[in-house]
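J.: Contents of final_25.pdb (PDB, C-alpha atoms) are given next:
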```pdb
ATOM      1  CA  MET A   8       3.915  13.435  -9.122
ATOM      2  CA  GLU A   9       0.409  12.285  -8.245
ATOM      3  CA  THR A  10      -0.756  11.323  -4.791
ATOM      4  CA  ILE A  11      -3.884   9.162  -4.815
ATOM      5  CA  LEU A  12      -6.208   8.780  -1.827
ATOM      6  CA  MET A  13      -8.538   5.799  -2.234
ATOM      7  CA  LYS A  14     -11.486   5.879   0.147
ATOM      8  CA  MET A  15     -12.814   2.382   0.804
ATOM      9  CA  THR A  16     -14.107   3.173   4.327
ATOM     10  CA  ASP A  17     -14.602   6.327   6.404
ATOM     11  CA  ALA A  18     -11.065   6.061   7.828
ATOM     12  CA  PHE A  19      -9.756   9.161   6.067
ATOM     13  CA  GLU A  20     -12.774  11.184   7.202
ATOM     14  CA  HIS A  21     -11.094  11.326  10.612
ATOM     15  CA  GLN A  22      -7.725  12.472   9.287
ATOM     16  CA  SER A  23      -6.397  15.734   7.891
ATOM     17  CA  PHE A  24      -2.903  14.985   6.529
ATOM     18  CA  TYR A  25      -4.139  15.294   2.949
ATOM     19  CA  ASN A  26      -6.065  18.537   3.344
ATOM     20  CA  TYR A  27      -4.817  21.556   1.412
ATOM     21  CA  LYS A  28      -2.141  19.481  -0.361
ATOM     22  CA  GLU A  29      -1.455  20.030  -4.023
ATOM     23  CA  ASN A  30      -1.681  17.085  -6.401
ATOM     24  CA  PHE A  31      -3.862  15.016  -4.034
ATOM     25  CA  ILE A  32      -6.484  13.096  -5.998
ATOM     26  CA  THR A  33      -9.354  11.401  -4.127
ATOM     27  CA  ILE A  34     -10.987   8.297  -5.577
ATOM     28  CA  ASP A  35     -14.064   7.478  -3.521
ATOM     29  CA  CYS A  36     -14.954   3.781  -3.771
ATOM     30  CA  ARG A  37     -17.205   3.538  -0.721
ATOM     31  CA  ASP A  38     -20.235   3.020  -2.936
ATOM     32  CA  ILE A  39     -18.826  -0.192  -4.464
ATOM     33  CA  GLU A  40     -20.086  -3.447  -2.943
ATOM     34  CA  GLY A  41     -18.062  -6.638  -2.738
ATOM     35  CA  THR A  42     -14.763  -5.106  -1.624
ATOM     36  CA  ARG A  43     -14.122  -5.864   2.064
ATOM     37  CA  CYS A  44     -11.194  -8.319   2.345
ATOM     38  CA  TYR A  45     -12.299 -10.039  -0.888
ATOM     39  CA  LEU A  46     -12.728  -8.333  -4.249
ATOM     40  CA  ASP A  47     -15.401  -9.800  -6.484
ATOM     41  CA  ASP A  48     -15.152  -9.508 -10.269
ATOM     42  CA  LEU A  49     -17.724  -6.750 -10.698
ATOM     43  CA  ALA A  50     -16.114  -4.643  -7.975
ATOM     44  CA  LYS A  51     -12.664  -5.216  -9.453
ATOM     45  CA  GLU A  52     -13.849  -4.067 -12.858
ATOM     46  CA  GLU A  53     -15.375  -0.912 -11.391
ATOM     47  CA  ILE A  54     -12.257  -0.011  -9.381
ATOM     48  CA  GLN A  55     -10.045  -0.610 -12.413
ATOM     49  CA  LYS A  56     -12.228   1.841 -14.345
ATOM     50  CA  ARG A  57     -11.829   4.472 -11.639
ATOM     51  CA  ILE A  58      -8.027   4.199 -11.542
ATOM     52  CA  TYR A  59      -7.601   3.633 -15.285
ATOM     53  CA  GLU A  60      -6.251   7.100 -16.082
ATOM     54  CA  PHE A  61      -3.719   7.143 -13.254
ATOM     55  CA  SER A  62      -0.125   5.956 -13.251
ATOM     56  CA  PRO A  63       1.529   3.509 -10.824
ATOM     57  CA  THR A  64       4.149   6.222 -10.353
ATOM     58  CA  GLY A  65       3.674   8.253  -7.190
ATOM     59  CA  ILE A  66       2.058   7.731  -3.792
ATOM     60  CA  HIS A  67      -1.146   5.772  -3.195
ATOM     61  CA  PHE A  68      -2.965   5.771   0.150
ATOM     62  CA  ILE A  69      -5.303   2.773  -0.045
ATOM     63  CA  ASP A  70      -7.205   2.781   3.274
ATOM     64  CA  SER A  71      -7.456  -0.228   5.625
ATOM     65  CA  GLY A  72      -5.405  -3.403   5.359
ATOM     66  CA  ASN A  73      -8.676  -5.109   4.415
ATOM     67  CA  TYR A  74      -8.087  -3.534   0.998
ATOM     68  CA  HIS A  75      -4.382  -4.251   0.597
ATOM     69  CA  TYR A  76      -5.267  -6.152  -2.585
ATOM     70  CA  LEU A  77      -5.528  -2.702  -4.218
ATOM     71  CA  SER A  78      -1.740  -2.899  -4.476
ATOM     72  CA  LEU A  79      -2.237  -5.638  -7.055
ATOM     73  CA  LEU A  80      -4.315  -3.321  -9.226
ATOM     74  CA  TRP A  81      -1.537  -0.725  -9.158
ATOM     75  CA  LEU A  82       1.146  -3.345  -9.837
ATOM     76  CA  GLN A  83      -0.784  -4.445 -12.917
ATOM     77  CA  LYS A  84      -0.021  -1.016 -14.363
ATOM     78  CA  VAL A  85       3.764  -1.432 -14.165
ATOM     79  CA  LYS A  86       5.065  -2.113 -17.680
ATOM     80  CA  GLU A  87       8.717  -2.880 -16.894
ATOM     81  CA  ASP A  88      10.576  -5.505 -14.892
ATOM     82  CA  PHE A  89      10.592  -4.634 -11.186
ATOM     83  CA  SER A  90      10.831  -5.957  -7.650
ATOM     84  CA  LEU A  91       8.257  -5.501  -4.891
ATOM     85  CA  VAL A  92       9.321  -4.479  -1.394
ATOM     86  CA  LEU A  93       6.579  -5.239   1.118
ATOM     87  CA  PHE A  94       6.452  -3.928   4.690
ATOM     88  CA  ASP A  95       3.710  -5.990   6.329
ATOM     89  CA  HIS A  96       3.095  -8.022   9.483
ATOM     90  CA  HIS A  97       1.463 -10.660   7.241
ATOM     91  CA  PRO A  98       2.947 -12.136   4.043
ATOM     92  CA  ASP A  99      -0.334 -11.835   2.080
ATOM     93  CA  ASP A 100       0.605 -14.878   0.035
ATOM     94  CA  GLN A 101      -2.117 -17.311   1.063
ATOM     95  CA  PRO A 102      -4.190 -19.072  -1.613
ATOM     96  CA  PRO A 103      -7.868 -18.023  -1.666
ATOM     97  CA  SER A 104     -10.189 -20.086   0.495
ATOM     98  CA  PHE A 105     -12.678 -20.346  -2.361
ATOM     99  CA  GLY A 106     -12.385 -19.910  -6.112
ATOM    100  CA  GLN A 107      -9.781 -17.587  -7.588
ATOM    101  CA  ILE A 108     -11.045 -14.415  -5.946
ATOM    102  CA  THR A 109      -8.599 -11.612  -5.188
ATOM    103  CA  SER A 110      -8.137 -11.123  -1.441
ATOM    104  CA  CYS A 111      -6.248  -8.985   1.051
ATOM    105  CA  GLY A 112      -4.500 -12.123   2.312
ATOM    106  CA  GLY A 113      -3.533 -13.529  -1.076
ATOM    107  CA  TRP A 114      -2.769 -10.624  -3.398
ATOM    108  CA  VAL A 115       1.014 -11.139  -3.218
ATOM    109  CA  LEU A 116       0.653 -14.752  -4.330
ATOM    110  CA  GLU A 117      -1.644 -13.632  -7.134
ATOM    111  CA  ALA A 118       0.889 -10.998  -8.174
ATOM    112  CA  LYS A 119       3.670 -13.606  -8.309
ATOM    113  CA  GLU A 120       1.522 -15.915 -10.418
ATOM    114  CA  THR A 121       0.041 -13.393 -12.840
ATOM    115  CA  LEU A 122       2.498 -10.508 -13.313
ATOM    116  CA  PRO A 123       5.390 -11.472 -15.594
ATOM    117  CA  ASN A 124       7.211  -8.191 -14.900
ATOM    118  CA  LEU A 125       7.359  -8.906 -11.154
ATOM    119  CA  LYS A 126      10.702 -10.618 -10.676
ATOM    120  CA  LYS A 127      11.231 -10.687  -6.894
ATOM    121  CA  VAL A 128       9.394  -9.928  -3.645
ATOM    122  CA  PHE A 129      11.218  -8.790  -0.500
ATOM    123  CA  THR A 130       9.057  -8.828   2.629
ATOM    124  CA  TYR A 131       9.830  -7.117   5.951
ATOM    125  CA  GLY A 132       7.848  -7.642   9.140
ATOM    126  CA  VAL A 133       7.074 -11.373   9.048
ATOM    127  CA  GLY A 134      10.456 -12.906   9.816
ATOM    128  CA  GLU A 135      14.051 -12.906   8.675
ATOM    129  CA  GLU A 136      14.798 -11.164   5.389
ATOM    130  CA  ILE A 137      17.916  -9.784   3.797
ATOM    131  CA  PRO A 138      18.820  -6.270   4.950
ATOM    132  CA  VAL A 139      17.349  -3.550   2.776
ATOM    133  CA  GLU A 140      20.910  -2.521   1.976
ATOM    134  CA  ASP A 141      21.400  -5.872   0.225
ATOM    135  CA  ILE A 142      18.429  -5.741  -2.147
ATOM    136  CA  PRO A 143      19.907  -6.044  -5.655
ATOM    137  CA  MET A 144      20.068  -2.737  -7.496
ATOM    138  CA  ASP A 145      19.425  -4.132 -10.976
ATOM    139  CA  LEU A 146      15.673  -3.449 -10.993
ATOM    140  CA  PRO A 147      13.432  -0.561  -9.948
ATOM    141  CA  LEU A 148      11.219  -1.068  -6.922
ATOM    142  CA  TYR A 149       7.573  -0.699  -6.051
ATOM    143  CA  ILE A 150       7.096  -0.345  -2.282
ATOM    144  CA  SER A 151       3.938  -1.428  -0.453
ATOM    145  CA  ILE A 152       3.488  -0.500   3.206
ATOM    146  CA  ASP A 153       0.878  -1.932   5.566
ATOM    147  CA  LYS A 154       0.994   0.046   8.792
ATOM    148  CA  ASP A 155       0.255  -3.149  10.738
ATOM    149  CA  VAL A 156       4.011  -3.723  10.474
ATOM    150  CA  LEU A 157       4.305  -0.891  13.018
ATOM    151  CA  SER A 158       3.805  -1.041  16.756
ATOM    152  CA  THR A 159       0.501   0.048  18.275
ATOM    153  CA  GLU A 160       2.235   3.266  19.378
ATOM    154  CA  CYS A 161       2.621   4.239  15.726
ATOM    155  CA  SER A 162      -0.616   3.035  14.153
ATOM    156  CA  VAL A 163      -4.102   1.691  14.818
ATOM    157  CA  THR A 164      -5.118  -0.998  12.323
ATOM    158  CA  ASP A 165      -7.775  -3.677  11.871
ATOM    159  CA  TRP A 166      -5.211  -6.494  12.258
ATOM    160  CA  ASP A 167      -2.671  -7.727  14.785
ATOM    161  CA  GLN A 168       0.491  -5.660  14.583
ATOM    162  CA  GLY A 169       4.252  -5.963  14.619
ATOM    163  CA  ASN A 170       6.771  -3.952  16.614
ATOM    164  CA  MET A 171       8.596  -1.836  14.026
ATOM    165  CA  THR A 172       8.884   1.842  14.903
ATOM    166  CA  LEU A 173       8.085   4.623  12.487
ATOM    167  CA  GLU A 174      11.715   5.717  12.666
ATOM    168  CA  GLU A 175      12.872   2.246  11.630
ATOM    169  CA  LEU A 176      10.460   2.241   8.703
ATOM    170  CA  LEU A 177      11.600   5.693   7.583
ATOM    171  CA  ASP A 178      15.259   4.646   7.885
ATOM    172  CA  SER A 179      14.569   1.668   5.603
ATOM    173  CA  LEU A 180      12.789   3.905   3.106
ATOM    174  CA  LYS A 181      15.749   6.306   3.089
ATOM    175  CA  ILE A 182      18.067   3.447   2.128
ATOM    176  CA  LEU A 183      15.717   2.204  -0.579
ATOM    177  CA  PHE A 184      15.319   5.647  -2.119
ATOM    178  CA  LYS A 185      19.067   6.220  -1.988
ATOM    179  CA  ASN A 186      19.975   2.943  -3.686
ATOM    180  CA  HIS A 187      17.116   2.357  -6.141
ATOM    181  CA  ARG A 188      14.764   3.958  -8.596
ATOM    182  CA  ILE A 189      11.326   3.835  -7.005
ATOM    183  CA  ILE A 190       8.338   3.384  -9.298
ATOM    184  CA  GLY A 191       5.630   3.963  -6.729
ATOM    185  CA  VAL A 192       4.605   3.503  -3.119
ATOM    186  CA  ASP A 193       1.283   2.530  -1.591
ATOM    187  CA  ILE A 194       0.248   2.729   2.048
ATOM    188  CA  CYS A 195      -2.578   0.905   3.815
ATOM    189  CA  GLY A 196      -3.238  -0.046   7.415
ATOM    190  CA  ASP A 197      -5.702   2.629   8.390
ATOM    191  CA  SER A 198      -8.626   1.466  10.474
ATOM    192  CA  GLY A 199     -12.106   1.247   9.083
ATOM    193  CA  GLU A 200     -13.357  -0.393  12.272
ATOM    194  CA  ASN A 201     -11.701   2.088  14.651
ATOM    195  CA  ALA A 202     -11.577   5.044  12.317
ATOM    196  CA  GLU A 203     -12.406   7.706  14.875
ATOM    197  CA  SER A 204     -10.292   6.460  17.781
ATOM    198  CA  GLY A 205      -7.342   5.663  15.515
ATOM    199  CA  GLY A 206      -7.598   8.785  13.423
ATOM    200  CA  LYS A 207      -5.128  10.931  15.364
ATOM    201  CA  ILE A 208      -2.235   8.489  15.481
ATOM    202  CA  ASN A 209      -2.761   7.255  11.927
ATOM    203  CA  ASN A 210      -2.982  10.847  10.742
ATOM    204  CA  GLN A 211       0.402  11.598  12.308
ATOM    205  CA  THR A 212       2.011   8.523  10.766
ATOM    206  CA  ASN A 213       0.479   9.138   7.337
ATOM    207  CA  ALA A 214       1.662  12.748   7.485
ATOM    208  CA  ALA A 215       5.214  11.651   8.315
ATOM    209  CA  LEU A 216       5.228   9.113   5.495
ATOM    210  CA  PHE A 217       3.764  11.585   3.014
ATOM    211  CA  ASP A 218       6.287  14.274   3.977
ATOM    212  CA  PHE A 219       9.187  11.880   3.450
ATOM    213  CA  LEU A 220       7.877  10.448   0.196
ATOM    214  CA  SER A 221       6.899  13.762  -1.348
ATOM    215  CA  GLU A 222      10.369  15.128  -0.628
ATOM    216  CA  ASN A 223      12.217  12.110  -2.026
ATOM    217  CA  PHE A 224      10.291  11.132  -5.132
TER
END
```
Please express what this file holds, its structure, as structure tokens.
T.:
Amino acid sequence: METILMKMTDAFEHQSFYNYKENFITIDCRDIEGTRCYLDDLAKEEIQKRIYEFSPTGIHFIDSGNYHYLSLLWLQKVKEDFSLVLFDHHPDDQPPSFGQITSCGGWVLEAKETLPNLKKVFTYGVGEEIPVEDIPMDLPLYISIDKDVLSTECSVTDWDQGNMTLEELLDSLKILFKNHRIIGVDICGDSGENAESGGKINNQTNAALFDFLSENF
């Protein structure tokens, strides 16, 4: 199982959870312009080239929530019918403010409109949703986690945050892994703007998530 670390900012430079781990693959995209919050066509093409050889199966750490649209690029690789489970304090389903550009705030809407294999989206952190226990078991799942769903005690992000605890998130993941086949998981919500000050707490949370996921995949 591959674990991908996508560096879009210097956030991971202040963390150590991925050091000395087997099967960690770093894809450094900090040299690509046109990526912060919005992804222009040239930048999208370049990132797609850099992830071309890798599978959607496994764990993907994708930096700050400003780059949550990277989930869309991984979802495009899924070649079977599936459902998306999103843990996020924002629904990320807003239409773009200009043109048809891919954005961190609209990638879910774009996924719904452009991915025929995506059959259902279940979002947690923005309001009432069905319990994770009640997600239909007929399709495999791809899970996307933005750490802004967590309280400020559990993460430091570049966005306003929810109040979920890390324990609550892990409990939900345990249920999902027990009841479903999981295609892949991505994790964003690190802080590019507060990378140094948020490094310790985000490192601890990323380490806990990685430990759980690597043991359960």
J.: Name the closest residue to Trp81 of chain A among the candidates A:Phe24, A:Tyr45, A:Tyr149, A:Leu216; distances are taken between atoms, counting all atoms listed in the file.
T.: A:Tyr149
J.: Could you give me, as a compact mmCIF listing (two decimals) with C-alpha atoms, keeping the file's coordinate frame, the residues within 6 Å of segment 152-154 of chain A, counting all atoms listed in the file and dropping anything in the same chain fewer than 5 positions from it?
T.:
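Written file, result.txt:
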```
# COMPACT_ATOMS: atom_id res chain seq x y z
CA PHE A 94 6.45 -3.93 4.69
CA ASP A 95 3.71 -5.99 6.33
CA ILE A 194 0.25 2.73 2.05
CA CYS A 195 -2.58 0.90 3.82
CA GLY A 196 -3.24 -0.05 7.42
```
J.: Name the residues captured by the PyMOL selection byres ((chain A and resi 106-112) around 9) when it is applied to the shown file; answer as a PyMOL selection string.
T.: chain A and resi 42-48+51+72-77+79+97-105+113-117
J.: Calculate how many Å separate atom CA of Glu160 of chain A from atom CA of Ser71 of chain A, rounding to one decimal.
T.: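 Result for atom CA of Glu160 of chain A versus atom CA of Ser71 of chain A: 17.2 Å, one decimal.
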J.: Taking into account all atoms listed in the file, which residue in the set A:Val92, A:Val163, A:Cys36, A:Val156 is nearest to Glu200 of chain A?
T.: A:Val163
J.: Counting all atoms listed in the file, which residue out of A:Val128, A:Met15, A:Ile189, A:Leu122 sits closest to Gly41 of chain A?
T.: A:Met15
J.: Name all residues at most 12 Å from Tyr25 of chain A (count only C-alpha atoms; drop same-chain ones fewer than 6 positions away) and give them as a short mmCIF file (atom, residue, chain, number, x, y, z; two decimals) with C-alpha atoms, in the frame of the given file.
T.:
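To be explicit, this is the file written out as result23.cif:
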```cif
data_model
loop_
_atom_site.label_atom_id
_atom_site.label_comp_id
_atom_site.auth_asym_id
_atom_site.auth_seq_id
_atom_site.Cartn_x
_atom_site.Cartn_y
_atom_site.Cartn_z
CA THR A 10 -0.76 11.32 -4.79
CA ILE A 11 -3.88 9.16 -4.82
CA LEU A 12 -6.21 8.78 -1.83
CA MET A 13 -8.54 5.80 -2.23
CA PHE A 19 -9.76 9.16 6.07
CA PHE A 31 -3.86 15.02 -4.03
CA ILE A 32 -6.48 13.10 -6.00
CA THR A 33 -9.35 11.40 -4.13
CA ILE A 66 2.06 7.73 -3.79
CA HIS A 67 -1.15 5.77 -3.20
CA PHE A 68 -2.96 5.77 0.15
CA ASN A 210 -2.98 10.85 10.74
CA GLN A 211 0.40 11.60 12.31
CA ASN A 213 0.48 9.14 7.34
CA ALA A 214 1.66 12.75 7.48
CA ALA A 215 5.21 11.65 8.32
CA LEU A 216 5.23 9.11 5.50
CA PHE A 217 3.76 11.58 3.01
CA ASP A 218 6.29 14.27 3.98
CA SER A 221 6.90 13.76 -1.35
#
```
J.: For a test of reading the model, state the distance in Å between atom CA of Lys207 of chain A and atom CA of Pro63 of chain A, rounded to one decimal.
T.: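 Atom CA of Pro63 of chain A lies at a distance of 28.0 Å from atom CA of Lys207 of chain A.
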J.: Which residues match the PyMOL selection byres ((chain A and resi 21) around 6) in the file above, as an MDAnalysis selection string?
T.: chainID A and resid 18:20 22 203 206
J.: How would the residues just picked look written out with C-alpha atoms as a tab-separated table (two decimals), keeping the file's coordinate frame?
T.:
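To be explicit, this is the file written out as selection-v8.tsv:
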```tsv
chain	number	residue	atom	x	y	z
A	18	ALA	CA	-11.06	6.06	7.83
A	19	PHE	CA	-9.76	9.16	6.07
A	20	GLU	CA	-12.77	11.18	7.20
A	22	GLN	CA	-7.72	12.47	9.29
A	203	GLU	CA	-12.41	7.71	14.88
A	206	GLY	CA	-7.60	8.78	13.42
```
J.: Where does the PyMOL selection byres ((chain A and resi 131-133) around 9) land in this file, that is, which residues does it pick, as a list in words?
T.: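 Checked against the file, the PyMOL selection byres ((chain A and resi 131-133) around 9) matches Val92, Leu93, Phe94, Asp95, His96, His97, Pro98, Phe129, Thr130, Gly134, Glu135, Glu136, Ile137, Val139, Asp155, Val156, Leu157, Gly169, Asn170 and Met171 of chain A.
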J.: List the neighbours of Phe219 of chain A out to 9 Å using only C-alpha atoms; skip same-chain residues closer than 5 positions along the sequence, and give me the result as a tab-separated table (two decimals) with C-alpha atoms, keeping the file's coordinate frame.
T.:
```
chain	number	residue	atom	x	y	z
A	177	LEU	CA	11.60	5.69	7.58
A	180	LEU	CA	12.79	3.90	3.11
A	181	LYS	CA	15.75	6.31	3.09
A	214	ALA	CA	1.66	12.75	7.48
A	224	PHE	CA	10.29	11.13	-5.13
```
J.: Tell me which protein, DNA and RNA residues are within 12 Å of Val85 of chain A, counting all atoms listed in the file, leaving out same-chain ones fewer than 4 positions away, and put them as a list of chain:residue names.
T.: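 Listed by chain and then number, they are A:Phe61, A:Ser62, A:Pro63, A:Thr64, A:Gly65, A:Ser78, A:Leu79, A:Leu80, A:Trp81, A:Phe89, A:Ser90, A:Leu91, A:Ala118, A:Leu122, A:Pro123, A:Asn124, A:Leu125, A:Pro147, A:Leu148, A:Tyr149, A:Ile189, A:Ile190, A:Gly191.
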J.: So which one's closest to Asp17 of chain A, A:Ser158, A:Arg57, A:Ile69, A:Ala50? Using all atoms listed in the file, please.
T.: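 Nearest to Asp17 of chain A: A:Ile69.
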J.: Which value, in Å to one decimal, gives the distance between atom CA of Ser162 of chain A and atom CA of Ser198 of chain A?
T.: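 We find that atom CA of Ser162 of chain A and atom CA of Ser198 of chain A lie 9.0 Å from each other.
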J.: What are the centre and the three edge lengths of an axis-aligned box that wraps all atoms of segment 33-50 of chain A in the file, given that 3 Å is added to every side, written as JSON and rounded to one decimal in Å?
T.:
```
{"center_x": -14.8, "center_y": 0.7, "center_z": -4.2, "size_x": 16.9, "size_y": 27.4, "size_z": 19.0}
```
J.: When distances are computed from all atoms listed in the file, which of A:Glu9, A:Glu120, A:Glu40, A:Asp167 shows the smallest separation from Glu60 of chain A?
T.: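 Residue with the minimum atom-to-atom distance to Glu60 of chain A: A:Glu9.
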